[in-house]
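Trainee: Structure: query04.tsv, TSV, C-alpha atoms and all ligand atoms.
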chain	number	residue	atom	x	y	z
A	1	MET	CA	94.48	74.43	194.79
A	2	GLU	CA	98.04	73.95	196.09
A	3	VAL	CA	98.81	70.59	197.68
A	4	LYS	CA	101.52	70.56	200.36
A	5	VAL	CA	100.74	67.57	202.56
A	6	PHE	CA	99.84	64.37	200.75
A	7	GLY	CA	98.35	61.36	202.54
A	8	VAL	CA	98.43	57.75	201.33
A	9	ILE	CA	96.22	55.09	202.87
A	10	GLY	CA	97.84	51.67	202.47
A	11	ALA	CA	101.58	50.95	202.48
A	12	GLY	CA	101.37	47.90	200.21
A	13	GLN	CA	102.81	47.61	196.69
A	14	MET	CA	100.67	50.45	195.30
A	15	GLY	CA	100.64	52.64	198.45
A	16	ASN	CA	104.39	52.70	199.02
A	17	GLY	CA	105.01	53.37	195.32
A	18	ILE	CA	102.60	56.33	195.42
A	19	ALA	CA	104.26	57.63	198.61
A	20	GLN	CA	107.65	57.37	196.88
A	21	VAL	CA	106.66	59.39	193.80
A	22	ALA	CA	104.87	62.02	195.92
A	23	ALA	CA	107.87	62.49	198.24
A	24	THR	CA	110.23	62.56	195.22
A	25	SER	CA	108.16	65.41	193.75
A	26	GLY	CA	108.79	67.44	196.93
A	27	LEU	CA	105.56	66.93	198.89
A	28	GLN	CA	105.38	66.10	202.60
A	29	VAL	CA	103.88	62.61	202.75
A	30	ILE	CA	101.97	60.72	205.44
A	31	MET	CA	101.89	56.98	204.66
A	32	ASN	CA	99.26	55.21	206.74
A	33	ASP	CA	98.38	51.55	207.26
A	34	ILE	CA	96.67	49.55	209.98
A	35	LYS	CA	99.81	47.97	211.48
A	36	ASP	CA	103.36	49.12	212.22
A	37	GLU	CA	104.78	46.10	210.39
A	38	PHE	CA	102.93	47.13	207.18
A	39	VAL	CA	104.21	50.74	207.20
A	40	ASP	CA	107.72	49.54	208.16
A	41	ARG	CA	107.71	47.09	205.22
A	42	GLY	CA	106.46	49.84	202.86
A	43	LEU	CA	109.15	52.26	204.00
A	44	LYS	CA	111.83	49.56	203.68
A	45	ASN	CA	110.72	48.92	200.11
A	46	ILE	CA	110.97	52.62	199.25
A	47	ALA	CA	114.42	52.83	200.88
A	48	SER	CA	115.66	49.83	198.90
A	49	ILE	CA	114.42	51.22	195.54
A	50	LEU	CA	115.99	54.63	196.29
A	51	ALA	CA	119.26	52.90	197.35
A	52	LYS	CA	119.35	51.17	193.94
A	53	ASN	CA	118.79	54.54	192.23
A	54	VAL	CA	121.77	55.95	194.17
A	55	GLU	CA	123.90	52.92	193.18
A	56	LYS	CA	122.93	53.44	189.52
A	57	GLY	CA	123.93	57.12	189.78
A	58	LYS	CA	120.34	58.25	189.07
A	59	MET	CA	120.07	60.09	192.39
A	60	SER	CA	122.46	61.53	194.99
A	61	ALA	CA	122.59	60.10	198.52
A	62	GLN	CA	121.60	63.55	199.76
A	63	ASP	CA	118.45	63.60	197.60
A	64	ARG	CA	117.59	60.09	198.74
A	65	ASP	CA	117.82	61.19	202.39
A	66	ALA	CA	115.67	64.24	201.64
A	67	VAL	CA	112.98	62.07	199.97
A	68	LEU	CA	112.95	59.63	202.90
A	69	GLY	CA	112.87	62.58	205.33
A	70	ARG	CA	109.63	63.80	203.71
A	71	ILE	CA	107.78	60.53	204.45
A	72	LYS	CA	106.11	60.18	207.84
A	73	THR	CA	104.48	56.88	208.72
A	74	SER	CA	101.26	56.52	210.66
A	75	THR	CA	98.89	53.85	211.96
A	76	SER	CA	96.16	56.26	213.03
A	77	LEU	CA	93.78	57.68	210.44
A	78	LYS	CA	93.50	60.83	212.60
A	79	ASP	CA	97.01	61.81	211.42
A	80	LEU	CA	95.47	62.45	208.00
A	81	SER	CA	93.80	65.59	209.40
A	82	ALA	CA	96.98	67.42	208.28
A	83	ALA	CA	96.64	66.36	204.61
A	84	ASP	CA	95.30	68.53	201.75
A	85	PHE	CA	95.04	65.56	199.42
A	86	VAL	CA	94.64	61.88	200.32
A	87	VAL	CA	94.92	58.87	198.02
A	88	GLU	CA	93.36	55.68	199.31
A	89	ALA	CA	95.19	52.57	198.13
A	90	ALA	CA	93.69	49.97	200.46
A	91	THR	CA	92.43	46.47	199.58
A	92	GLU	CA	90.09	46.37	196.57
A	93	LYS	CA	86.97	45.62	198.65
A	94	GLU	CA	83.97	47.95	198.69
A	95	PRO	CA	83.14	47.76	202.42
A	96	ILE	CA	86.76	48.61	203.35
A	97	LYS	CA	86.93	51.56	200.95
A	98	PHE	CA	83.47	52.84	201.94
A	99	GLN	CA	84.37	52.88	205.65
A	100	LEU	CA	87.68	54.60	204.93
A	101	PHE	CA	85.99	57.35	202.94
A	102	LYS	CA	83.40	57.87	205.70
A	103	ASP	CA	86.21	58.14	208.27
A	104	LEU	CA	88.42	60.39	206.13
A	105	ASP	CA	85.44	62.66	205.44
A	106	SER	CA	85.06	63.31	209.16
A	107	ILE	CA	88.81	63.57	209.87
A	108	CYS	CA	90.15	65.69	207.00
A	109	GLY	CA	89.66	69.45	206.65
A	110	PRO	CA	86.70	70.56	204.48
A	111	GLY	CA	89.02	71.63	201.62
A	112	ALA	CA	90.85	68.31	201.36
A	113	ILE	CA	90.47	66.18	198.23
A	114	LEU	CA	89.88	62.47	198.75
A	115	ALA	CA	91.05	60.28	195.87
A	116	SER	CA	90.83	56.54	195.42
A	117	ASN	CA	93.36	54.37	193.63
A	118	THR	CA	90.55	51.87	193.02
A	119	SER	CA	91.07	49.82	189.90
A	120	SER	CA	87.37	49.42	189.13
A	121	ILE	CA	84.89	50.47	191.83
A	122	PRO	CA	82.71	53.35	190.53
A	123	ILE	CA	83.90	56.70	191.90
A	124	GLY	CA	80.31	57.97	192.21
A	125	ARG	CA	79.54	55.12	194.59
A	126	ILE	CA	82.61	55.94	196.72
A	127	ALA	CA	81.81	59.69	196.64
A	128	ALA	CA	78.28	58.98	197.93
A	129	GLN	CA	79.81	57.73	201.20
A	130	THR	CA	80.97	61.27	201.98
A	131	LYS	CA	79.48	64.72	202.51
A	132	ARG	CA	81.97	66.15	199.98
A	133	PRO	CA	81.18	64.25	196.74
A	134	GLY	CA	82.59	67.13	194.63
A	135	LYS	CA	85.98	66.55	196.26
A	136	VAL	CA	86.14	62.81	195.50
A	137	ILE	CA	87.97	61.50	192.42
A	138	GLY	CA	89.78	58.44	191.05
A	139	MET	CA	93.57	58.59	190.79
A	140	HIS	CA	94.59	55.23	189.42
A	141	PHE	CA	98.32	54.46	189.40
A	142	MET	CA	99.86	51.48	187.58
A	143	ASN	CA	102.15	48.86	189.08
A	144	PRO	CA	105.14	49.28	189.55
A	145	VAL	CA	104.23	52.88	190.39
A	146	PRO	CA	107.72	54.46	190.22
A	147	VAL	CA	108.22	53.03	186.69
A	148	MET	CA	104.85	53.27	184.95
A	149	LYS	CA	104.13	56.64	183.36
A	150	LEU	CA	100.32	56.59	183.42
A	151	VAL	CA	97.85	57.96	185.95
A	152	GLU	CA	94.26	57.24	184.97
A	153	VAL	CA	92.17	60.10	186.38
A	154	ILE	CA	88.53	59.14	186.87
A	155	ARG	CA	85.91	61.82	187.06
A	156	GLY	CA	82.79	60.75	188.93
A	157	LEU	CA	79.45	62.36	188.15
A	158	PRO	CA	79.73	64.74	191.16
A	159	THR	CA	83.52	65.45	190.86
A	160	SER	CA	84.09	69.23	190.70
A	161	GLU	CA	86.19	70.99	188.06
A	162	GLU	CA	88.63	72.20	190.76
A	163	THR	CA	89.12	68.67	192.11
A	164	PHE	CA	89.72	67.39	188.58
A	165	LYS	CA	92.21	70.18	187.78
A	166	THR	CA	94.15	69.71	191.04
A	167	THR	CA	94.40	65.95	190.49
A	168	TRP	CA	95.48	66.34	186.87
A	169	GLU	CA	98.17	68.90	187.82
A	170	LEU	CA	99.37	66.72	190.70
A	171	SER	CA	99.80	63.75	188.33
A	172	VAL	CA	101.99	65.94	186.10
A	173	LYS	CA	103.98	67.13	189.16
A	174	PHE	CA	104.62	63.45	189.94
A	175	GLY	CA	106.24	63.08	186.50
A	176	LYS	CA	103.31	61.04	185.16
A	177	THR	CA	101.09	61.43	182.12
A	178	PRO	CA	97.42	61.60	183.11
A	179	ALA	CA	94.59	60.24	180.95
A	180	LEU	CA	90.93	60.93	181.66
A	181	SER	CA	88.36	58.19	182.02
A	182	ASN	CA	84.68	58.60	182.72
A	183	ASP	CA	83.16	56.63	185.57
A	184	PHE	CA	82.19	53.19	184.26
A	185	PRO	CA	83.14	49.84	185.83
A	186	GLY	CA	86.81	49.09	185.09
A	187	PHE	CA	87.31	52.60	183.67
A	188	ILE	CA	89.53	52.43	180.56
A	189	ALA	CA	92.58	50.50	181.81
A	190	ASN	CA	90.91	47.50	183.35
A	191	ARG	CA	87.94	47.44	180.95
A	192	ILE	CA	90.53	46.49	178.32
A	193	LEU	CA	93.36	44.83	180.26
A	194	MET	CA	91.42	42.51	182.56
A	195	PRO	CA	89.29	40.70	179.94
A	196	MET	CA	92.58	40.01	178.11
A	197	ILE	CA	94.14	38.52	181.25
A	198	ASN	CA	90.92	36.58	181.97
A	199	GLU	CA	90.97	35.18	178.42
A	200	ALA	CA	94.60	34.09	178.92
A	201	VAL	CA	93.45	32.18	182.03
A	202	PHE	CA	90.65	30.60	179.94
A	203	CYS	CA	93.33	29.52	177.40
A	204	LEU	CA	95.21	27.78	180.23
A	205	TYR	CA	91.96	26.30	181.63
A	206	HIS	CA	90.94	24.92	178.21
A	207	GLY	CA	94.43	23.56	177.54
A	208	VAL	CA	94.97	25.79	174.51
A	209	GLY	CA	98.55	26.28	175.68
A	210	THR	CA	100.90	26.02	178.64
A	211	ARG	CA	101.49	29.07	180.86
A	212	GLU	CA	104.86	29.58	179.15
A	213	ASP	CA	103.45	29.34	175.62
A	214	ILE	CA	100.54	31.69	176.39
A	215	ASP	CA	102.94	34.28	177.80
A	216	THR	CA	105.48	33.80	175.00
A	217	VAL	CA	102.82	34.39	172.33
A	218	MET	CA	101.82	37.70	173.88
A	219	ARG	CA	105.38	38.83	174.70
A	220	LEU	CA	106.98	38.04	171.38
A	221	GLY	CA	103.94	38.17	169.10
A	222	MET	CA	102.44	41.38	170.46
A	223	ASN	CA	105.53	42.97	172.03
A	224	HIS	CA	103.99	43.14	175.50
A	225	PRO	CA	106.73	43.55	178.15
A	226	MET	CA	105.25	40.65	180.15
A	227	GLY	CA	102.90	37.81	179.28
A	228	PRO	CA	99.34	38.13	180.66
A	229	LEU	CA	99.75	35.32	183.20
A	230	ALA	CA	103.00	36.76	184.59
A	231	LEU	CA	101.30	40.17	184.67
A	232	ALA	CA	98.33	38.70	186.57
A	233	ASP	CA	100.81	37.34	189.13
A	234	LEU	CA	102.37	40.82	189.44
A	235	ILE	CA	98.98	42.54	189.89
A	236	GLY	CA	97.67	39.87	192.29
A	237	LEU	CA	95.12	37.22	191.30
A	238	ASP	CA	92.72	38.36	194.03
A	239	THR	CA	92.77	41.87	192.53
A	240	CYS	CA	92.23	40.45	189.01
A	241	LEU	CA	89.24	38.42	190.25
A	242	ALA	CA	87.78	41.41	192.11
A	243	ILE	CA	88.01	43.54	188.94
A	244	MET	CA	86.37	40.85	186.77
A	245	GLU	CA	83.56	40.60	189.34
A	246	THR	CA	83.08	44.38	189.24
A	247	LEU	CA	82.86	44.27	185.42
A	248	TYR	CA	80.50	41.28	185.50
A	249	ASP	CA	78.20	42.83	188.14
A	250	GLY	CA	78.45	46.34	186.69
A	251	PHE	CA	77.43	45.44	183.13
A	252	CYS	CA	75.40	42.25	183.84
A	253	ASP	CA	77.10	40.87	180.73
A	254	SER	CA	78.35	37.27	180.59
A	255	LYS	CA	81.34	38.29	178.47
A	256	TYR	CA	82.96	39.48	181.71
A	257	ARG	CA	82.50	36.22	183.66
A	258	PRO	CA	85.66	35.39	185.63
A	259	CYS	CA	87.40	32.18	184.55
A	260	PRO	CA	86.72	29.39	187.10
A	261	LEU	CA	90.46	28.64	187.18
A	262	LEU	CA	91.19	32.20	188.36
A	263	ARG	CA	88.68	31.78	191.19
A	264	LYS	CA	90.14	28.37	192.09
A	265	TYR	CA	93.66	29.81	192.41
A	266	VAL	CA	92.43	32.69	194.58
A	267	GLU	CA	90.46	30.30	196.82
A	268	ALA	CA	93.62	28.21	197.26
A	269	GLY	CA	95.54	31.32	198.35
A	270	TRP	CA	97.61	31.31	195.15
A	271	LEU	CA	97.53	35.07	194.76
A	272	GLY	CA	100.60	35.57	192.57
A	273	LYS	CA	103.99	37.06	193.38
A	274	LYS	CA	102.94	38.43	196.77
A	275	SER	CA	101.97	34.98	198.11
A	276	GLY	CA	104.88	33.11	196.47
A	277	ARG	CA	102.66	31.25	194.01
A	278	GLY	CA	100.23	32.12	191.26
A	279	PHE	CA	100.47	30.93	187.67
A	280	TYR	CA	104.21	30.73	188.38
A	281	GLU	CA	106.17	29.88	191.53
A	282	TYR	CA	108.26	32.58	193.28
A	283	LEU	CA	110.78	31.22	195.77
A	301	LIG	N1	109.67	49.16	191.67
A	301	LIG	C1	110.51	50.11	191.23
A	301	LIG	N2	111.26	49.98	190.12
A	301	LIG	C2	111.15	48.82	189.45
A	301	LIG	C3	110.30	47.78	189.84
A	301	LIG	C4	109.53	47.98	191.03
A	301	LIG	N3	108.68	47.07	191.50
A	301	LIG	N4	110.39	46.75	188.96
A	301	LIG	C5	111.28	47.14	188.03
A	301	LIG	N5	111.74	48.39	188.31
A	301	LIG	C6	112.71	49.18	187.55
A	301	LIG	C7	114.06	48.50	187.51
A	301	LIG	O1	114.83	48.86	188.63
A	301	LIG	C8	114.63	49.03	186.21
A	301	LIG	O2	115.12	50.35	186.43
A	301	LIG	P1	116.39	50.93	185.57
A	301	LIG	O3	115.90	51.14	184.18
A	301	LIG	O4	116.71	52.20	186.29
A	301	LIG	O5	117.48	49.91	185.68
A	301	LIG	C9	113.41	49.17	185.30
A	301	LIG	O6	112.27	49.22	186.19
A	301	LIG	C10	113.25	47.99	184.36
A	301	LIG	O7	113.23	46.82	185.15
A	301	LIG	P2	113.92	45.44	184.75
A	301	LIG	O8	115.06	45.71	183.84
A	301	LIG	O9	114.17	44.67	186.01
A	301	LIG	O10	112.79	44.60	184.02
A	301	LIG	P3	111.92	44.94	182.76
A	301	LIG	O11	112.63	45.77	181.76
A	301	LIG	O12	111.37	43.63	182.36
A	301	LIG	O13	110.75	45.85	183.34
A	301	LIG	C11	108.55	46.01	184.20
A	301	LIG	C12	109.94	45.41	184.39
A	301	LIG	C13	108.64	47.53	184.28
A	301	LIG	C14	107.68	45.50	185.32
A	301	LIG	C15	108.01	45.61	182.78
A	301	LIG	O14	108.05	44.21	182.67
A	301	LIG	C16	106.61	46.08	182.51
A	301	LIG	O15	106.39	47.22	182.10
A	301	LIG	N6	105.62	45.17	182.71
A	301	LIG	C17	104.22	45.49	182.52
A	301	LIG	C18	103.70	46.18	183.73
A	301	LIG	C19	102.26	46.55	183.61
A	301	LIG	O16	101.56	46.25	182.65
A	301	LIG	N7	101.75	47.25	184.65
A	301	LIG	C20	100.38	47.63	184.72
A	301	LIG	C21	99.63	46.59	185.47
A	301	LIG	S1	97.92	47.01	185.63
A	301	LIG	C22	97.85	47.96	186.99
A	301	LIG	O17	98.80	48.17	187.72
A	301	LIG	C23	96.56	48.57	187.30
A	301	LIG	C24	95.48	47.72	187.78
A	301	LIG	O18	94.50	48.27	188.18
A	301	LIG	C25	95.50	46.26	187.78
Now, as a test, write the supplied structure out as structure tokens.
Ligand code: CAA

Mentor:
Amino acid sequence: MEVKVFGVIGAGQMGNGIAQVAATSGLQVIMNDIKDEFVDRGLKNIASILAKNVEKGKMSAQDRDAVLGRIKTSTSLKDLSAADFVVEAATEKEPIKFQLFKDLDSICGPGAILASNTSSIPIGRIAAQTKRPGKVIGMHFMNPVPVMKLVEVIRGLPTSEETFKTTWELSVKFGKTPALSNDFPGFIANRILMPMINEAVFCLYHGVGTREDIDTVMRLGMNHPMGPLALADLIGLDTCLAIMETLYDGFCDSKYRPCPLLRKYVEAGWLGKKSGRGFYEYL
């Protein structure tokens, strides 16, 4: 199936990154969020990253203008009726995603594919909210989206072969390398990454090391580009907690229990980089 108009729900750090790579690959993009200020901020972020690419000589000013010209912003879900393929990148909360998929199912044309950028909610459960479960799939981008090469494609039990093929080919068109995960809580990426981050928080909680020492061990000892606590701040501590809860509930296994310190930070509104404070301070 050929995708021409690509919709993105959510203009936050994941949504605007996805809109940027889609528009860069030549697709017409509709970037939707609930408020004008959110879509304006998302578009500003894209413009500033593209401006840096022009400064670095990685892109011409003409190409930048063409990419920006392919992105339309929207605050009404009805605008998504024009899209052949929609990726939902809203807050990682089941009731929000479920309602969005119900609404998109009634708004979008019958041939449109509805993908979720969920980091851990089972795709089968999201698909069951719609009357087109064969056209629902997981398309999980990594943060920062323009830089990270992976797209984790998650095939739910009802996902059709055509939906899978279209999503796989679209990931390649975006310049990414897709990897296939079956539909289990956390999929592959967060089944492995999040328990590591959670264990780093336990190390801080138990006083095994300071935040700096924990991150230094993993950066210099394991060659990770960032330490796990700095990475948690980049991802968002609320997102990390939500993923741990999905793993814990999904497997009913105590090895996935979220560290109480992680919960305490989230309850205090220390959500990481986006709120100015997490394990580190961002002024
Ligand atoms: N948006 C766009 N471009 C960005 C960017 C952003 N937010 N942050 C950095 N970049 C670009 C820089 O402009 C720079 O580009 P050039 O090479 O053209 O100059 C390049 O990325 C490298 O950046 P820096 O030199 O500033 O810094 P760095 O080398 O330390 O790289 C990093 C920064 C790419 C974030 C790197 O530290 C990294 O790979 N960290 C790990 C990220 C990671 O693990 N992401 C996955 C998180 S899990 C997830 O997203 C899924 C989930 O479900 C939780």

Trainee: Using 8 Å as the limit and counting only C-alpha atoms and all ligand atoms, can you tabulate each residue of chain A that touches ligand LIG 301 (chain A), with its shortest atom-to-atom distance in Å and the two atoms involved, as a tab-separated table?

Mentor:
residue	atom	partner	partner_atom	distance
A:Gln13	CA	A:LIG301	N3	7.9
A:Gly17	CA	A:LIG301	N1	7.3
A:Ile49	CA	A:LIG301	C1	5.9
A:Lys52	CA	A:LIG301	O1	7.3
A:Asn53	CA	A:LIG301	O4	6.7
A:Lys56	CA	A:LIG301	O4	7.1
A:Lys58	CA	A:LIG301	O4	7.6
A:Thr118	CA	A:LIG301	O18	7.2
A:Ser119	CA	A:LIG301	O18	4.1
A:Ser120	CA	A:LIG301	O18	7.3
A:His140	CA	A:LIG301	O18	7.1
A:Phe141	CA	A:LIG301	C23	6.5
A:Met142	CA	A:LIG301	O17	3.5
A:Asn143	CA	A:LIG301	O17	3.7
A:Pro144	CA	A:LIG301	N3	4.6
A:Val145	CA	A:LIG301	N1	6.7
A:Pro146	CA	A:LIG301	C1	5.3
A:Val147	CA	A:LIG301	N2	5.5
A:Met148	CA	A:LIG301	N7	6.8
A:Ala189	CA	A:LIG301	O18	7.0
A:Asn190	CA	A:LIG301	O18	6.1
A:Leu193	CA	A:LIG301	S1	7.4
A:Met194	CA	A:LIG301	C25	7.6
A:His224	CA	A:LIG301	C17	7.4
A:Pro225	CA	A:LIG301	O14	4.8
A:Met226	CA	A:LIG301	O14	5.2
A:Leu231	CA	A:LIG301	O16	6.4
A:Leu234	CA	A:LIG301	C21	7.5
A:Ile235	CA	A:LIG301	C25	5.5
A:Thr239	CA	A:LIG301	C25	7.0
A:Cys240	CA	A:LIG301	C25	6.8

Trainee: Quick one: everything within 12 Å of Thr210 (chain A), counting only C-alpha atoms, minus sequence neighbours fewer than 6 positions away in the same chain. Send it as a PyMOL selection string.

Mentor: chain A and resi 200-204+216-217+227+229+279-280

Trainee: Where's the centre, and what are the edge lengths in Å to one decimal, of a box along x, y and z enclosing all listed atoms of region 83-94 of chain A padded 3 Å per side, as AutoDock Vina command-line options?

Mentor:
--center_x 90.3 --center_y 57.1 --center_z 200.6 --size_x 18.7 --size_y 28.9 --size_z 14.0

Trainee: Here is a test: counting all atoms listed in the file, which residue of A:Cys108, A:Leu180, A:Leu80, A:Ala242 is nearest to Glu94 (chain A)?

Mentor: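 For Glu94 (chain A), the nearest of the candidates is A:Ala242.
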
Trainee: Which of these residues is nearest to Ile197 (chain A), using all atoms listed in the file: A:Leu157, A:Val172, A:Ile121, A:Leu262?

Mentor: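 Of A:Leu157, A:Val172, A:Ile121, A:Leu262, the one nearest Ile197 (chain A) is A:Leu262, counting all atoms listed in the file.
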
Trainee: Could you name the residues that touch Arg132 (chain A) at 9 Å or less, counting only C-alpha atoms, but leaving out those on the same chain fewer than 6 positions away, as a VMD selection string?

Mentor: chain A and resid 105 110 113 to 114

Trainee: I need the residue nearest Ala11 (chain A) from this list: A:Leu27, A:Ala61, A:Cys259, A:Leu43. Use only C-alpha atoms for the distance.

Mentor: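 Smallest distance to Ala11 (chain A) is found for A:Leu43.
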
Trainee: When distances are computed from all atoms listed in the file, which of A:Phe38, A:Trp270, A:Phe101, A:Phe6 shows the smallest separation from Asp79 (chain A)?

Mentor: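 Between A:Phe38, A:Trp270, A:Phe101, A:Phe6, the residue approaching Asp79 (chain A) most closely is A:Phe6.
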
Trainee: With distances taken over all atoms listed in the file, which of A:Met139, A:Val87, A:Val67, A:Leu241 is nearest to Gln20 (chain A)?

Mentor: A:Val67

Trainee: Out of A:Ile71, A:Ala90, A:Ala22, A:Ile107, which residue has the shortest atom-to-atom distance to Lys44 (chain A) when counting only C-alpha atoms?

Mentor: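 Using only C-alpha atoms, Lys44 (chain A) sits closest to A:Ile71.
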
Trainee: Quick one: residues within 9 Å of region 160-166 of chain A, all atoms listed in the file, excluding same-chain residues fewer than 6 positions away - as a PyMOL selection string?

Mentor: chain A and resi 1-3+113+133-137+153-154

Trainee: Which polymer residues have any atom within 8 Å of an atom of region 246-249 of chain A, counting only C-alpha atoms, with same-chain residues fewer than 2 positions away left out, as a list of chain:residue names?

Mentor: A:Ser120, A:Ile121, A:Pro185, A:Gly186, A:Arg191, A:Ala242, A:Ile243, A:Met244, A:Phe251, A:Cys252, A:Asp253, A:Ser254, A:Lys255, A:Tyr256, A:Arg257, A:Pro258

Trainee: To one decimal in Å, tell me the separation between CA of Gly138 (chain A) and CA of Arg155 (chain A).

Mentor: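 CA of Arg155 (chain A) lies 6.5 Å from CA of Gly138 (chain A).
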